[in-house]
Amino acid sequence: MKKLLITLLASAGIMGAAQADYTLIVPQEPGKGTSVWAGIVAKNLSKFTDEPVVIRHIPGARDIPGFNKFHNELRTDDKTIMVAHGGNGVSFLLDKVDYNYFEYDLIGSNNNDIVLGKHAGADEKTGNWKIAGGSGFEPDGAAVAMLLCGPQGTGTVAEYLKCWRERASWINGVSGGEKRLGFKNKEFDVARESPAAWLKFYKDIEANELWFTHGILDLANKKQIADQNFPGTQFEDVYKRLWGVAPSGDLYNAYRLTRNWRDVIQKSLWVNKGNPNTSKLRTALKKMLADPESMAEINKLAGNYPWIVGDEGPAMLALLKSLITEKALRDAVTWNQEAYGFPSVFKPELLK
Amino acid sequence: MLDYVLWAMLGTLYGMLVGIIPIAGVTTALITVFSMGSYFMADPYVGLVFLTAIVASCASADSYTSILTGIPGASTTAACVIDGYPMAKRGEAARAMGIAIADSTFNGVLYALLAFMLLPYYGKIIVLFGRPEFLGFMMMALACVGFVASKNVFLSIIAIAFGLFLGFIGQDSVGNARFAFGWEYLENGVSMIVLLSGLFGIPELVDGFRQKLKSAAPPMPADYWKQLFQGFNDARTHWRDMVRGGFIGFVTGLLPGVGGAVGDFLAYGATKAAHKEKQEIPFGEGNPIGLIGCEGANNAQKVSSMIPAVLFAIPAAPFAAMVMAICMYFGMEIGRPSLLTDTNFTTSIAFGYIFGTIGVALLSIFLYKWIIKILEVPYWIYATVIIAVIIYANMQYTQGWEDLALLGILSAVGVVLKHFKVSRPAILVAYVVAFKIDEYFVATLQLYGYKQWKPGLESMADFRWFELFSITNHPLFLLSIAVSVGIIINSIVRKDKGIDYV
């Protein structure tokens, strides 16, 4: 028994020696996409901060509890930084969460994209399409629905839902690698990946083609522009080529809302408003972004996409806020509940 | 390239060190390096070389210690003790080591080359698997581990039920919390590192305290080199026994959850059966043929246990689950088909394993004197250090107190399960398979029964029974379900044919 006690004391000593300095709170378990990204960012950001940057994982359902914990308990600590991903952005709109982006200062955000693929030659206008989805896929499903169904009456969510039930089977709970295998053996009809993963996993699969990307929100001009990594593939362009008209209607507005709340802050770093280290951290981030060695490592994982650095944060949030209208928000909630079976809720407080 | 060699050397040295320690085995070695996972995020292939070198060297060193001390390093080396230890006691320790080194190296290298270098070709098999086939395969894995790894049907059911319960903790298919009991930490499920540490790592080490373990190896023989080469020659002369043992280890290693101690004992039994003639030294009393027959099974089994993990993310043994967990930590998706076309992956895994196998053999030959010295260190000292490192490694999962709390709970559960001989490998496989069964079951339902399935009974009304018949177009699914049922019935009818692998 005494010896076991020594064991516990020894381990306490080791743990005490491992106290963190700047801590990145990652709302998911080790090994998942944002965790790996955060690990590489922590390593490279540490080169430019006065103290090392370490990671603390706080995983939970749909990656919400970790962000809630940051909001409710941890954000008052000056050395705590939140790492949020696109799914957190969509959950902010559509799920019961405590966190609120408007109460934080942005250190930096990677304004990223998502790539959708289909089997070569597959005709969008026929058949029942099987789509493996999940949390964070909300805008992708809506875009797929519009491409499969084309213009529907006045473009209401109810009209698209009717078409969606005939033309699509949404399969929840399939993990990333399984989706790839399912697409490869033609069990699923749609592939959905981050840009870097698309290039990594799909280049060798025969008979697949890049279907569309969502494009990038250009903050300066306040409009969606083509992704320079995949020119000519933006959703709006693909839709117009297929159906002869530009996408429009309620579902399209709901799609634009969730798309931008997901992609503009797809990988972002936040601190509490008024944190005294904000300026120091933004400077360190700028230095990291200017360091070719660091960026080569980060871009290998996330693709080469523009960063929005801290002082641009208020303008970015204002632009995202301008997309939130009662109609678009209600439609996004209805679409999520009915098309995917997600437990989304309408939050009137977002309209204030 | 230099990085790869450096980490292979470090892995070999570290694996050897843990392997030498009685009771501690490959799983323990891997648990203690879990916290290093983040180091390899930038280049996971280097991490893979490190891990596989640890597996290979620890597996071999484990056997060497078992032979010298009579204490199995892990359950997978228990059979080597039967004839190896009496040889050591008789003054033929170096001869036994010579046999073990030759056998481990031969089978380790042979099966690593065969298995890992052929991995890309297995990719052609995987694409034949859709959701229903995977679901059937998972059911078969569950039946196999539950009802083959235990003679007691009741304990098998308890093990499977408990493993499934642990695996279902977390979230359902649309991200709602399930079995989390209001504890947010559990909404992401029970982490594999904590589970393995609690069910396997800590209980084994605590058991060492309970047994008041004392290890002592025989002194270095004066004719060390002569004996060593005699051992090499024994292995060469009885090469058929060596190959048979390796083959049996390889095949049993493929069975989910069963690929532990079973291979060694089956190989030993087969060797005895193949030598019915009267032996100069009877089996069990230090017969070199007995050692030759089972020693390499452990190394071949380590290779094959990784194949189901790589192909399907089903660990055939606890250490393979640990390899999976660490690889996932540094962002490598084990059990995904894309890995099979990744030549860096196959090269790294093969290089690490072969380097570790050959490296530990050379080190053992030249450092024999020092291995004996290490074995003289009291058990409580190194067990204390290992437990401390395991606790530290677990704290690295989320960096929160919750990791420690769950480790405490699962360690207590692990000690109880070990005491009552409930099959912990069965629990582990059920835990891993639970999540996948959930995923494949829901997907199969949606593909063949529901247009849109939601958790709960209300969506039963939407079920399209007529579409379910289309699943008969999946003969592999139907076959695997039939085999699962067969395994369960057979284990109930012929209880004595099972193996108590706890």
# chains A, B, ... in the order shown; residues from 1 in each chain; ligands from 1

$ residues_around --residues "Leu350 of chain A" --least-positions-apart "2" --cutoff "8 Å" --atoms "only C-alpha atoms" --output "list in words"
Leu93, Ile324, Lys347, Pro348 and Lys352 of chain A

$ residues_around --residues "Trp164 of chain A" --least-positions-apart "6" --cutoff "9 Å" --atoms "only C-alpha atoms" --output "list of chain:residue names"
A:Ala145, A:Met146, A:Leu148, A:Cys149, A:Ala339

$ residues_around --residues "Ile126 of chain B" --least-positions-apart "2" --cutoff "10 Å" --atoms "only C-alpha atoms" --output "list in words"
Leu181 and Asn185 of chain A; Tyr121, Tyr122, Gly123, Lys124, Leu128, Phe129, Gly130, Glu133, Phe134, Leu311, Phe312, Arg336, Pro337 and Leu340 of chain B

$ residues_around --residues "segment 414-422 of chain B" --least-positions-apart "2" --cutoff "8 Å" --atoms "only C-alpha atoms" --output "PyMOL selection string"
chain B and resi 155-156+158-159+198-200+202-203+410-412+424+500+502

$ select_by_dssp --residues "segment 135-363 of chain B" --states "alpha helix (DSSP H)" --output "JSON, numbers by chain"
{"B": [135, 136, 137, 138, 139, 140, 141, 142, 143, 144, 145, 146, 147, 148, 153, 154, 155, 156, 157, 158, 159, 160, 161, 162, 163, 164, 165, 166, 167, 168, 192, 193, 194, 195, 196, 202, 203, 204, 205, 206, 207, 208, 209, 210, 224, 225, 226, 227, 228, 229, 230, 231, 232, 233, 234, 235, 236, 237, 239, 240, 241, 242, 243, 244, 245, 246, 247, 248, 249, 250, 251, 252, 253, 261, 262, 263, 264, 265, 266, 267, 268, 269, 270, 271, 272, 273, 274, 288, 289, 290, 291, 292, 293, 294, 295, 296, 297, 298, 299, 300, 301, 302, 303, 304, 305, 306, 307, 308, 309, 310, 311, 312, 318, 319, 320, 321, 322, 323, 324, 325, 326, 327, 328, 329, 337, 338, 339, 340, 343, 344, 345, 346, 347, 348, 349, 350, 351, 352, 353, 354, 355, 356, 357, 358, 359, 360, 361, 362, 363]}

$ residues_around --residues "Ala430 of chain B" --least-positions-apart "5" --cutoff "7 Å" --atoms "only C-alpha atoms" --output "ChimeraX atom specification"
/B:142,160,163-164

$ atom_distance --atom1 "atom CA of Trp307 of chain A" --atom2 "atom CA of Val90 of chain A"
19.4 Å

$ residues_around --residues "Lys96 of chain A" --least-positions-apart "6" --cutoff "12 Å" --atoms "only C-alpha atoms" --output "PyMOL selection string"
(chain A and resi 61-62+64-65+68+88+90+333+343-350) or (chain B and resi 176)

$ residues_around --residues "Asn275 of chain A" --least-positions-apart "3" --cutoff "12 Å" --atoms "only C-alpha atoms" --output "MDAnalysis selection string"
chainID A and resid 75:81 103:107 270:272 278:282

$ closest_residue --among "A:Ser169, A:Asn44, A:Asn72, A:Thr283" --to "chain B" --atoms "only C-alpha atoms"
A:Ser169

$ closest_residue --among "B:Asn188, B:Ala350, B:Asn299, B:Ile289" --to "Pro27 of chain A" --atoms "only C-alpha atoms"
B:Asn188

$ select_by_dssp --residues "segment 227-308 of chain A" --states "strand (DSSP E or B)" --output "PyMOL selection string"
chain A and resi 234+267-272+307-308

$ write_last_selection --atoms "N, CA, C and O atoms" --output "short mmCIF file (atom, residue, chain, number, x, y, z; two decimals), in the first residue's frame"
data_model
loop_
_atom_site.label_atom_id
_atom_site.label_comp_id
_atom_site.auth_asym_id
_atom_site.auth_seq_id
_atom_site.Cartn_x
_atom_site.Cartn_y
_atom_site.Cartn_z
N GLN A 234 -17.37 26.86 -57.99
CA GLN A 234 -18.22 27.42 -56.93
C GLN A 234 -19.68 27.00 -57.13
O GLN A 234 -20.18 26.97 -58.26
N LYS A 267 -11.58 27.35 -38.97
CA LYS A 267 -10.56 27.06 -37.95
C LYS A 267 -10.18 28.40 -37.35
O LYS A 267 -9.52 29.22 -38.02
N SER A 268 -10.60 28.66 -36.11
CA SER A 268 -10.37 30.01 -35.57
C SER A 268 -9.92 29.98 -34.11
O SER A 268 -10.19 29.03 -33.39
N LEU A 269 -9.21 31.04 -33.72
CA LEU A 269 -8.66 31.17 -32.37
C LEU A 269 -9.28 32.39 -31.70
O LEU A 269 -9.27 33.48 -32.29
N TRP A 270 -9.80 32.22 -30.48
CA TRP A 270 -10.51 33.30 -29.79
C TRP A 270 -10.00 33.44 -28.36
O TRP A 270 -9.63 32.45 -27.73
N VAL A 271 -10.05 34.70 -27.85
CA VAL A 271 -9.81 34.92 -26.42
C VAL A 271 -10.96 35.79 -25.90
O VAL A 271 -11.70 36.38 -26.69
N ASN A 272 -11.05 35.86 -24.59
CA ASN A 272 -12.11 36.67 -23.99
C ASN A 272 -11.91 38.15 -24.36
O ASN A 272 -10.78 38.61 -24.51
N TRP A 307 -6.15 33.93 -44.25
CA TRP A 307 -6.39 34.09 -42.82
C TRP A 307 -7.00 35.45 -42.56
O TRP A 307 -6.63 36.44 -43.20
N ILE A 308 -7.90 35.50 -41.62
CA ILE A 308 -8.43 36.78 -41.15
C ILE A 308 -7.76 37.02 -39.81
O ILE A 308 -7.92 36.21 -38.88
#

$ closest_residue --among "A:Thr34, A:Thr126, A:Asn253, A:Asn172" --to "chain B" --atoms "only C-alpha atoms"
A:Asn172

$ closest_residue --among "A:Ala84, A:Val41, A:Val309, A:Ala315" --to "Ile25 of chain A" --atoms "only C-alpha atoms"
A:Ala84
